[in-house]
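Enquirer: To be precise about what I am sending: the file is called input26.cif and holds mmCIF, C-alpha atoms.
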```
data_model
#
loop_
_atom_site.label_atom_id
_atom_site.label_comp_id
_atom_site.auth_asym_id
_atom_site.auth_seq_id
_atom_site.Cartn_x
_atom_site.Cartn_y
_atom_site.Cartn_z
CA MET A 1 0.00 0.00 0.00
CA ASP A 2 3.01 2.32 0.42
CA LYS A 3 3.60 2.21 -3.33
CA GLU A 4 -0.05 3.09 -3.97
CA GLN A 5 0.18 6.11 -1.69
CA SER A 6 3.40 7.14 -3.43
CA ILE A 7 1.63 7.05 -6.80
CA ILE A 8 -1.32 9.03 -5.43
CA SER A 9 1.08 11.67 -4.10
CA ASN A 10 2.43 12.16 -7.63
CA PHE A 11 -1.02 13.40 -8.67
CA LYS A 12 -1.89 15.29 -5.51
CA HIS A 13 -4.84 17.62 -5.96
CA ASN A 14 -7.20 19.32 -3.54
CA LEU A 15 -10.14 17.45 -5.09
CA ASN A 16 -8.80 13.95 -4.48
CA GLY A 17 -8.35 12.01 -1.26
CA ASP A 18 -11.44 9.81 -0.91
CA ASP A 19 -12.78 7.24 -3.36
CA GLY A 20 -14.29 10.00 -5.47
CA ALA A 21 -13.58 13.61 -6.44
CA ILE A 22 -16.30 16.10 -5.49
CA ILE A 23 -16.90 18.94 -7.94
CA GLY A 24 -19.92 21.05 -7.09
CA ASP A 25 -22.84 18.68 -6.58
CA MET A 26 -21.20 15.87 -8.54
CA VAL A 27 -18.87 12.98 -7.65
CA TYR A 28 -16.43 11.38 -10.09
CA SER A 29 -14.96 8.00 -9.19
CA LYS A 30 -12.92 5.35 -10.96
CA ASP A 31 -11.92 1.78 -10.21
CA MET A 32 -10.44 -1.15 -12.12
CA PHE A 33 -11.33 -4.84 -12.09
CA VAL A 34 -8.53 -6.97 -13.48
CA GLU A 35 -8.02 -10.66 -14.26
CA ASP A 36 -5.52 -12.38 -11.92
CA ILE A 37 -5.65 -9.39 -9.55
CA HIS A 38 -9.33 -9.46 -8.54
CA PHE A 39 -10.56 -12.68 -10.15
CA LYS A 40 -9.71 -15.61 -12.39
CA LEU A 41 -11.79 -16.28 -15.49
CA HIS A 42 -12.81 -19.78 -14.41
CA TRP A 43 -14.03 -18.60 -11.02
CA LEU A 44 -16.98 -16.58 -12.32
CA SER A 45 -19.23 -16.55 -15.36
CA PRO A 46 -18.74 -13.59 -17.75
CA LYS A 47 -22.08 -12.20 -16.57
CA GLN A 48 -20.96 -12.41 -12.92
CA ILE A 49 -17.66 -10.71 -13.76
CA GLY A 50 -19.52 -7.85 -15.47
CA LYS A 51 -21.91 -7.43 -12.55
CA LYS A 52 -19.19 -7.40 -9.91
CA ALA A 53 -17.02 -4.99 -11.89
CA MET A 54 -19.94 -2.56 -12.01
CA ILE A 55 -21.06 -2.99 -8.42
CA VAL A 56 -17.61 -2.39 -6.89
CA ASN A 57 -17.46 0.87 -8.84
CA LEU A 58 -20.95 1.98 -7.85
CA SER A 59 -20.04 1.29 -4.23
CA ASP A 60 -17.62 4.22 -4.15
CA ALA A 61 -20.34 6.66 -5.19
CA ILE A 62 -22.98 5.26 -2.85
CA ALA A 63 -20.48 5.32 0.06
CA MET A 64 -20.13 9.08 -0.46
CA ASN A 65 -23.91 9.60 -0.34
CA ALA A 66 -24.18 10.10 -4.09
CA THR A 67 -26.50 8.58 -6.67
CA PRO A 68 -24.63 7.10 -9.66
CA LYS A 69 -26.11 8.20 -13.00
CA TYR A 70 -23.59 7.58 -15.80
CA ALA A 71 -20.65 5.28 -16.47
CA LEU A 72 -17.76 5.36 -18.95
CA LEU A 73 -16.42 1.89 -19.71
CA GLY A 74 -12.89 0.89 -20.66
CA LEU A 75 -12.28 -2.74 -21.71
CA GLY A 76 -9.03 -4.58 -22.28
CA LEU A 77 -9.99 -7.81 -24.06
CA PRO A 78 -7.80 -10.87 -24.71
CA LYS A 79 -7.83 -12.15 -28.28
CA ASN A 80 -9.18 -15.56 -27.28
CA LEU A 81 -12.44 -14.27 -25.75
CA SER A 82 -15.40 -15.22 -27.94
CA ASN A 83 -18.14 -12.84 -29.05
CA LYS A 84 -20.54 -14.87 -26.90
CA TYR A 85 -18.34 -14.35 -23.83
CA ILE A 86 -18.11 -10.60 -24.48
CA LYS A 87 -21.88 -10.43 -24.98
CA GLU A 88 -22.50 -12.09 -21.59
CA LEU A 89 -19.97 -9.78 -19.96
CA SER A 90 -21.82 -6.79 -21.43
CA ILE A 91 -25.16 -8.09 -20.16
CA GLY A 92 -23.75 -8.32 -16.63
CA LEU A 93 -22.43 -4.77 -16.77
CA LYS A 94 -25.68 -3.35 -18.17
CA GLU A 95 -28.01 -5.26 -15.84
CA CYS A 96 -26.14 -4.14 -12.73
CA ALA A 97 -25.97 -0.54 -13.98
CA ALA A 98 -29.72 -0.53 -14.67
CA GLN A 99 -30.44 -1.94 -11.20
CA TYR A 100 -28.91 1.22 -9.73
CA GLY A 101 -30.32 3.64 -12.30
CA THR A 102 -27.01 4.10 -14.12
CA GLN A 103 -26.44 4.36 -17.87
CA ILE A 104 -23.28 3.33 -19.70
CA ILE A 105 -22.76 6.24 -22.09
CA GLY A 106 -19.38 5.59 -23.72
CA GLY A 107 -15.86 4.28 -23.38
CA ASP A 108 -13.04 2.52 -25.23
CA THR A 109 -11.70 -0.98 -25.94
CA ILE A 110 -8.20 -2.30 -26.53
CA LEU A 111 -6.52 -5.66 -27.10
CA SER A 112 -4.97 -6.95 -23.88
CA ASN A 113 -3.27 -10.04 -22.45
CA LYS A 114 -5.71 -10.02 -19.53
CA LEU A 115 -9.37 -9.07 -19.13
CA ILE A 116 -9.41 -5.51 -17.77
CA ILE A 117 -12.56 -3.60 -16.85
CA SER A 118 -12.12 0.09 -16.02
CA LEU A 119 -15.12 2.21 -15.09
CA THR A 120 -15.57 5.91 -14.45
CA ILE A 121 -18.76 6.65 -12.52
CA ILE A 122 -20.46 10.06 -12.66
CA SER A 123 -22.80 10.67 -9.73
CA TYR A 124 -24.90 13.39 -8.11
CA LEU A 125 -24.73 14.13 -4.39
CA ASN A 126 -27.94 13.36 -2.50
CA SER A 127 -27.42 16.39 -0.26
CA LYS A 128 -25.09 19.36 0.09
CA LYS A 129 -23.00 17.35 2.56
CA PRO A 130 -21.09 14.45 1.01
CA LEU A 131 -20.11 11.52 3.20
CA ILE A 132 -16.31 11.49 3.39
CA ARG A 133 -13.72 9.56 5.39
CA SER A 134 -12.38 12.42 7.52
CA GLY A 135 -14.04 14.10 10.47
CA ALA A 136 -14.15 11.40 13.16
CA LYS A 137 -13.86 12.66 16.76
CA ILE A 138 -12.86 11.08 20.04
CA GLY A 139 -15.96 9.54 21.61
CA ASP A 140 -17.69 8.84 18.29
CA ILE A 141 -19.12 5.37 17.73
CA VAL A 142 -17.79 3.20 14.89
CA CYS A 143 -20.32 0.94 13.19
CA TYR A 144 -20.51 -1.34 10.18
CA THR A 145 -23.41 -2.78 8.23
CA GLY A 146 -24.24 -6.40 7.50
CA VAL A 147 -22.04 -9.42 8.15
CA LEU A 148 -18.31 -9.51 7.39
CA GLY A 149 -16.09 -12.45 6.45
CA GLY A 150 -18.04 -13.98 3.58
CA SER A 151 -15.82 -12.63 0.82
CA ILE A 152 -12.57 -14.12 2.14
CA LYS A 153 -14.25 -17.45 2.83
CA GLY A 154 -15.44 -17.56 -0.78
CA LEU A 155 -12.00 -16.54 -2.00
CA ARG A 156 -10.26 -19.27 -0.02
CA THR A 157 -12.68 -21.88 -1.34
CA LEU A 158 -11.87 -20.79 -4.90
CA LEU A 159 -8.13 -20.76 -4.25
CA ASN A 160 -8.43 -24.34 -2.99
CA GLY A 161 -10.16 -25.41 -6.20
CA GLY A 162 -13.70 -25.44 -4.84
CA LYS A 163 -16.90 -23.82 -6.06
CA ILE A 164 -19.00 -21.16 -4.36
CA SER A 165 -22.65 -20.16 -4.54
CA SER A 166 -23.78 -17.27 -6.72
CA ASN A 167 -25.04 -15.73 -3.45
CA SER A 168 -21.52 -15.68 -1.98
CA ARG A 169 -20.33 -12.24 -0.91
CA PHE A 170 -17.29 -12.72 -3.16
CA VAL A 171 -19.63 -12.97 -6.17
CA THR A 172 -22.41 -10.56 -5.23
CA PRO A 173 -21.72 -7.78 -2.69
CA ASN A 174 -24.66 -5.94 -1.10
CA LEU A 175 -24.72 -2.15 -1.38
CA ARG A 176 -26.54 -0.11 1.27
CA GLN A 177 -27.76 2.70 -0.94
CA GLU A 178 -31.08 3.54 0.72
CA PHE A 179 -29.70 3.32 4.27
CA ILE A 180 -26.86 5.74 3.48
CA LYS A 181 -29.15 8.10 1.61
CA GLN A 182 -31.61 8.30 4.50
CA SER A 183 -29.13 8.40 7.39
CA ALA A 184 -26.15 10.37 6.01
CA LYS A 185 -27.25 13.58 7.78
CA TRP A 186 -26.63 11.91 11.15
CA ILE A 187 -23.32 10.25 10.21
CA ARG A 188 -19.99 11.98 10.83
CA SER A 189 -17.95 10.05 8.22
CA GLY A 190 -18.11 6.88 6.19
CA MET A 191 -16.57 4.61 3.57
CA ASP A 192 -17.12 1.19 2.05
CA ILE A 193 -15.12 -1.78 3.32
CA SER A 194 -13.09 -2.75 0.28
CA ASP A 195 -9.64 -3.51 1.72
CA GLY A 196 -10.87 -5.24 4.87
CA LEU A 197 -11.84 -3.83 8.26
CA ALA A 198 -8.27 -4.14 9.58
CA SER A 199 -7.01 -1.90 6.77
CA ASP A 200 -9.97 0.47 6.46
CA LEU A 201 -10.60 1.16 10.16
CA PRO A 202 -7.48 3.36 10.66
CA LYS A 203 -8.45 5.36 7.57
CA ILE A 204 -11.79 6.40 9.01
CA THR A 205 -10.62 6.92 12.60
CA GLN A 206 -7.63 8.95 11.37
CA ASN A 207 -5.28 6.44 13.00
CA ARG A 208 -6.94 6.73 16.42
CA ALA A 209 -7.62 3.54 18.35
CA VAL A 210 -11.05 2.02 18.92
CA LYS A 211 -12.20 0.50 22.20
CA PHE A 212 -14.09 -2.52 20.93
CA ASN A 213 -17.37 -3.68 22.41
CA LYS A 214 -17.79 -6.41 19.81
CA LYS A 215 -15.47 -9.39 19.39
CA LEU A 216 -14.58 -10.17 15.77
CA SER A 217 -13.23 -13.31 14.18
CA LYS A 218 -10.07 -13.18 12.07
CA PHE A 219 -12.19 -13.59 8.92
CA GLU A 220 -14.40 -10.64 9.87
CA PHE A 221 -11.38 -8.48 10.58
CA ILE A 222 -9.30 -9.13 7.46
CA SER A 223 -11.87 -9.93 4.76
CA GLY A 224 -11.54 -7.53 1.82
CA GLU A 225 -14.04 -6.73 -0.95
CA GLU A 226 -17.02 -6.88 1.42
CA TYR A 227 -18.42 -3.49 0.32
CA GLU A 228 -20.42 -3.12 3.51
CA MET A 229 -20.44 0.38 5.00
CA LEU A 230 -18.07 1.50 7.77
CA ILE A 231 -19.44 4.62 9.47
CA VAL A 232 -18.66 6.93 12.38
CA VAL A 233 -21.63 8.32 14.31
CA PRO A 234 -21.75 10.95 17.08
CA PRO A 235 -23.23 9.37 20.25
CA LYS A 236 -26.21 11.75 20.19
CA ASN A 237 -27.23 10.44 16.76
CA ILE A 238 -26.80 6.72 17.26
CA LYS A 239 -30.47 6.02 18.04
CA ARG A 240 -31.57 7.81 14.86
CA VAL A 241 -29.10 5.83 12.75
CA LEU A 242 -30.14 2.54 14.37
CA ASN A 243 -33.80 3.33 13.71
CA GLN A 244 -33.04 4.13 10.08
CA ALA A 245 -31.12 0.87 9.72
CA LYS A 246 -34.13 -0.99 11.07
CA LYS A 247 -36.44 0.77 8.58
CA CYS A 248 -34.11 -0.18 5.73
CA ARG A 249 -33.77 -3.75 7.03
CA VAL A 250 -30.02 -3.35 7.41
CA LYS A 251 -28.12 -4.96 10.26
CA LEU A 252 -26.02 -2.28 11.96
CA ASN A 253 -23.20 -3.45 14.23
CA LEU A 254 -21.79 -1.13 16.90
CA LEU A 255 -18.10 -1.96 16.82
CA GLY A 256 -16.79 0.41 19.49
CA LYS A 257 -15.84 3.93 20.52
CA ILE A 258 -12.94 6.05 19.26
CA ILE A 259 -10.45 6.79 22.05
CA ASN A 260 -7.51 9.16 22.40
CA GLU A 261 -4.81 6.63 21.59
CA ARG A 262 -2.92 5.83 18.42
CA ALA A 263 -4.14 2.79 16.50
CA LYS A 264 -1.84 -0.22 16.24
CA PHE A 265 -1.98 -1.80 12.80
CA HIS A 266 -1.17 -5.48 12.32
CA GLY A 267 -0.89 -7.30 8.99
CA LYS A 268 -1.32 -6.06 5.47
CA PHE A 269 -3.90 -6.22 2.71
CA THR A 270 -3.45 -7.66 -0.73
CA HIS A 271 -5.76 -9.09 -3.33
CA PHE A 272 -5.50 -12.84 -3.86
#
```
Output the file's structure as structure tokens, nothing else.
Expert:
Amino acid sequence: MDKEQSIISNFKHNLNGDDGAIIGDMVYSKDMFVEDIHFKLHWLSPKQIGKKAMIVNLSDAIAMNATPKYALLGLGLPKNLSNKYIKELSIGLKECAAQYGTQIIGGDTILSNKLIISLTIISYLNSKKPLIRSGAKIGDIVCYTGVLGGSIKGLRTLLNGGKISSNSRFVTPNLRQEFIKQSAKWIRSGMDISDGLASDLPKITQNRAVKFNKKLSKFEFISGEEYEMLIVVPPKNIKRVLNQAKKCRVKLNLLGKIINERAKFHGKFTHF
């Protein structure tokens, strides 16, 4: 991750820093989904690959309390992929985009040794206040949505030559769009869990420690590509956020409270 931060510093700009750049009432975000970095071709169907590539990109916008509207698509396609395969890949991309009210409006294709899917998402903020990573204060409560650990379990099954269900978190993440849209005004800061809780927690607490009131398994702590929401809530707002989670039928876990100590980070994140 040090190399990634070094690259980011080469393009330092006052608009970047989170998963998307905010310009006026719009958010621009970009992510890549690459063969042998994020998946292997035989792990997922072309339709599943298209859907996941789209959903992990939409997650960045939704995590910032924005509604994705348009997408620009870049494809690097190996020569041996059939027209049928590419058609199924396209269906997956389009179906997922349509599910979240997003239109693919352009892009580019090139010949490549690996399947590469690059998406730029253009979104509109749901309110004047975007949800960003910074802003957490001592005493705030850290929470996360849903259940963690499913993605790494699916990944390990695949790495060991097994098969996983289409409902596996590794195949189909769940985005919490309505919950974030309705509760963002009571949340101090937030982000999606893409690199694993162990890696993402220091980012949102600004390297402050958390006094845990919930015990986590190793899988829950290190599992990347979950795309659940990690949020920081002022204590006075926690009941409102819990009520909104209940209305949206989202499980909200109260992980712990931010304390005035420096976080200790153990381990590192990589893709498979």
Enquirer: Which segment 19-126 of chain A residues have any atom within 7 Å of an atom of segment 166-188 of chain A, and for each, what is the nearest pair of atoms with distance in Å to one decimal, counting all atoms listed in the file, rows sorted by chain and number, as JSON lines?
Expert:
```
{"residue": "A:Gln48", "atom": "CA", "partner": "A:Val171", "partner_atom": "CA", "distance": 6.9}
{"residue": "A:Lys52", "atom": "CA", "partner": "A:Thr172", "partner_atom": "CA", "distance": 6.5}
{"residue": "A:Ser59", "atom": "CA", "partner": "A:Leu175", "partner_atom": "CA", "distance": 6.5}
{"residue": "A:Ile62", "atom": "CA", "partner": "A:Gln177", "partner_atom": "CA", "distance": 5.7}
{"residue": "A:Asn65", "atom": "CA", "partner": "A:Lys181", "partner_atom": "CA", "distance": 5.8}
{"residue": "A:Asn126", "atom": "CA", "partner": "A:Lys181", "partner_atom": "CA", "distance": 6.8}
```
Enquirer: Mind writing the picked residues with C-alpha atoms as a PDB file, in the frame of the given file?
Expert:
```pdb
ATOM      1  CA  GLN A  48     -20.960 -12.410 -12.920  1.00  0.00           C
ATOM      2  CA  LYS A  52     -19.190  -7.400  -9.910  1.00  0.00           C
ATOM      3  CA  SER A  59     -20.040   1.290  -4.230  1.00  0.00           C
ATOM      4  CA  ILE A  62     -22.980   5.260  -2.850  1.00  0.00           C
ATOM      5  CA  ASN A  65     -23.910   9.600  -0.340  1.00  0.00           C
ATOM      6  CA  ASN A 126     -27.940  13.360  -2.500  1.00  0.00           C
TER       7      ASN A 126
END
```
Enquirer: What's the separation between atom CA of Phe212 of chain A and atom CA of Asn253 of chain A, in Å to one decimal place?
Expert: 11.3 Å
Enquirer: Fewer than 4 positions away in the same chain doesn't count, so skip those; otherwise give me all residues within 7 Å of Phe33 of chain A, counting all atoms listed in the file, as number ranges by chain.
Expert: A: 38, 53, 116-118
Enquirer: Could the residues of segment 103-174 of chain A that have an atom at most 12 Å from segment 69-81 of chain A be listed as a Markdown table, each with its closest atom pair and the distance in Å to one decimal, counting only C-alpha atoms and ordered by chain and ascending residue number?
Expert:
```
| residue | atom | partner | partner_atom | distance |
| --- | --- | --- | --- | --- |
| A:Gln103 | CA | A:Tyr70 | CA | 4.8 |
| A:Ile104 | CA | A:Ala71 | CA | 4.6 |
| A:Ile105 | CA | A:Leu72 | CA | 6.0 |
| A:Gly106 | CA | A:Leu72 | CA | 5.0 |
| A:Gly107 | CA | A:Leu73 | CA | 4.4 |
| A:Asp108 | CA | A:Gly74 | CA | 4.9 |
| A:Thr109 | CA | A:Leu75 | CA | 4.6 |
| A:Ile110 | CA | A:Gly76 | CA | 4.9 |
| A:Leu111 | CA | A:Leu77 | CA | 5.1 |
| A:Ser112 | CA | A:Pro78 | CA | 4.9 |
| A:Asn113 | CA | A:Pro78 | CA | 5.1 |
| A:Lys114 | CA | A:Pro78 | CA | 5.7 |
| A:Leu115 | CA | A:Leu77 | CA | 5.1 |
| A:Ile116 | CA | A:Gly76 | CA | 4.6 |
| A:Ile117 | CA | A:Leu75 | CA | 4.9 |
| A:Ser118 | CA | A:Gly74 | CA | 4.8 |
| A:Leu119 | CA | A:Leu73 | CA | 4.8 |
| A:Thr120 | CA | A:Leu72 | CA | 5.0 |
| A:Ile121 | CA | A:Ala71 | CA | 4.6 |
| A:Ile122 | CA | A:Tyr70 | CA | 5.1 |
| A:Ser123 | CA | A:Lys69 | CA | 5.3 |
| A:Tyr124 | CA | A:Lys69 | CA | 7.2 |
| A:Leu125 | CA | A:Lys69 | CA | 10.5 |
| A:Asn126 | CA | A:Lys69 | CA | 11.8 |
```
Enquirer: I need the residue nearest Ser189 of chain A from this list: A:Val232, A:Ile164, A:Leu155, A:Met64. Use all atoms listed in the file for the distance.
Expert: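 Looking at the shortest contact to Ser189 of chain A, the residue is A:Val232.
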Enquirer: Expand the PyMOL selection byres ((chain A and resi 194) around 9) into the individual residues it matches in the shown file, reporting them as a short mmCIF file (atom, residue, chain, number, x, y, z; two decimals) with C-alpha atoms, in the coordinates of the input.
Expert:
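Result file expr_11.cif:
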```cif
data_model
loop_
_atom_site.label_atom_id
_atom_site.label_comp_id
_atom_site.auth_asym_id
_atom_site.auth_seq_id
_atom_site.Cartn_x
_atom_site.Cartn_y
_atom_site.Cartn_z
CA VAL A 56 -17.61 -2.39 -6.89
CA MET A 191 -16.57 4.61 3.57
CA ASP A 192 -17.12 1.19 2.05
CA ILE A 193 -15.12 -1.78 3.32
CA ASP A 195 -9.64 -3.51 1.72
CA GLY A 196 -10.87 -5.24 4.87
CA LEU A 197 -11.84 -3.83 8.26
CA SER A 199 -7.01 -1.90 6.77
CA ASP A 200 -9.97 0.47 6.46
CA SER A 223 -11.87 -9.93 4.76
CA GLY A 224 -11.54 -7.53 1.82
CA GLU A 225 -14.04 -6.73 -0.95
CA GLU A 226 -17.02 -6.88 1.42
CA TYR A 227 -18.42 -3.49 0.32
CA GLU A 228 -20.42 -3.12 3.51
#
```
Enquirer: Please indicate the distance in Å from atom CA of Cys248 of chain A to atom CA of Leu93 of chain A, rounded to one decimal place.
Expert: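 Computing it gives 25.8 Å between the two atoms.
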Enquirer: To one decimal place in Å, what is the distance between atom CA of Leu159 of chain A and atom CA of His42 of chain A?
Expert: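 Going from atom CA of Leu159 of chain A over to atom CA of His42 of chain A, I get 11.2 Å.
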Enquirer: Can you list what the PyMOL selection byres ((chain A and resi 45) around 12) grabs from this structure, as a tab-separated table (two decimals) with C-alpha atoms, in the coordinates of the input?
Expert:
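Wrote it out as part.tsv, contents follow:
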```
chain	number	residue	atom	x	y	z
A	39	PHE	CA	-10.56	-12.68	-10.15
A	40	LYS	CA	-9.71	-15.61	-12.39
A	41	LEU	CA	-11.79	-16.28	-15.49
A	42	HIS	CA	-12.81	-19.78	-14.41
A	43	TRP	CA	-14.03	-18.60	-11.02
A	44	LEU	CA	-16.98	-16.58	-12.32
A	46	PRO	CA	-18.74	-13.59	-17.75
A	47	LYS	CA	-22.08	-12.20	-16.57
A	48	GLN	CA	-20.96	-12.41	-12.92
A	49	ILE	CA	-17.66	-10.71	-13.76
A	50	GLY	CA	-19.52	-7.85	-15.47
A	51	LYS	CA	-21.91	-7.43	-12.55
A	52	LYS	CA	-19.19	-7.40	-9.91
A	84	LYS	CA	-20.54	-14.87	-26.90
A	85	TYR	CA	-18.34	-14.35	-23.83
A	86	ILE	CA	-18.11	-10.60	-24.48
A	87	LYS	CA	-21.88	-10.43	-24.98
A	88	GLU	CA	-22.50	-12.09	-21.59
A	89	LEU	CA	-19.97	-9.78	-19.96
A	90	SER	CA	-21.82	-6.79	-21.43
A	91	ILE	CA	-25.16	-8.09	-20.16
A	92	GLY	CA	-23.75	-8.32	-16.63
A	164	ILE	CA	-19.00	-21.16	-4.36
A	165	SER	CA	-22.65	-20.16	-4.54
A	166	SER	CA	-23.78	-17.27	-6.72
A	171	VAL	CA	-19.63	-12.97	-6.17
```
Enquirer: Applying 7 Å and only C-alpha atoms, which residues near segment 257-262 of chain A remain after dropping the ones on its own chain fewer than 4 positions away? List them as an MDAnalysis selection string.
Expert: chainID A and resid 138:142 207:212
Enquirer: Just to be explicit: take each residue in the selection above, keep C-alpha atoms, and write the result as a CSV table (one decimal), in the coordinates of the input.
Expert:
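The resulting file, again-v4.csv, is shown below:
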```csv
chain,number,residue,atom,x,y,z
A,138,ILE,CA,-12.9,11.1,20.0
A,139,GLY,CA,-16.0,9.5,21.6
A,140,ASP,CA,-17.7,8.8,18.3
A,141,ILE,CA,-19.1,5.4,17.7
A,142,VAL,CA,-17.8,3.2,14.9
A,207,ASN,CA,-5.3,6.4,13.0
A,208,ARG,CA,-6.9,6.7,16.4
A,209,ALA,CA,-7.6,3.5,18.4
A,210,VAL,CA,-11.0,2.0,18.9
A,211,LYS,CA,-12.2,0.5,22.2
A,212,PHE,CA,-14.1,-2.5,20.9
```
Enquirer: Take the PyMOL selection byres ((chain A and resi 21) around 12), run it mentally on this structure, and tell me the resulting residues as a VMD selection string.
Expert: chain A and resid 12 to 20 22 to 30 60 to 61 64 66 120 to 125 130 to 132
Enquirer: Which residue is closest to Arg156 of chain A? Choose from A:Lys203, A:Phe219, A:Asp31, A:Pro235 and count only C-alpha atoms.
Expert: A:Phe219
Enquirer: Leaving out Lys215 of chain A and any residue of its chain fewer than 3 positions from it, which residues lie within 10 Å of it when counting only C-alpha atoms, given as an mmCIF file with C-alpha atoms, in the frame of the given file?
Expert:
```cif
data_model
loop_
_atom_site.group_PDB
_atom_site.id
_atom_site.type_symbol
_atom_site.label_atom_id
_atom_site.label_comp_id
_atom_site.auth_asym_id
_atom_site.auth_seq_id
_atom_site.Cartn_x
_atom_site.Cartn_y
_atom_site.Cartn_z
ATOM 1 C CA PHE A 212 -14.090 -2.520 20.930
ATOM 2 C CA LYS A 218 -10.070 -13.180 12.070
ATOM 3 C CA GLU A 220 -14.400 -10.640 9.870
ATOM 4 C CA PHE A 221 -11.380 -8.480 10.580
ATOM 5 C CA LEU A 255 -18.100 -1.960 16.820
ATOM 6 C CA GLY A 256 -16.790 0.410 19.490
#
```
Enquirer: For segment 249-264 of chain A, take all atoms listed in the file, fit an axis-aligned box around them, add 6 Å to each of the six sides, then output centre and edge lengths in Å rounded to one decimal, as AutoDock Vina command-line options.
Expert:
```
--center_x -17.8 --center_y 2.1 --center_z 14.7 --size_x 43.9 --size_y 26.1 --size_z 27.4
```
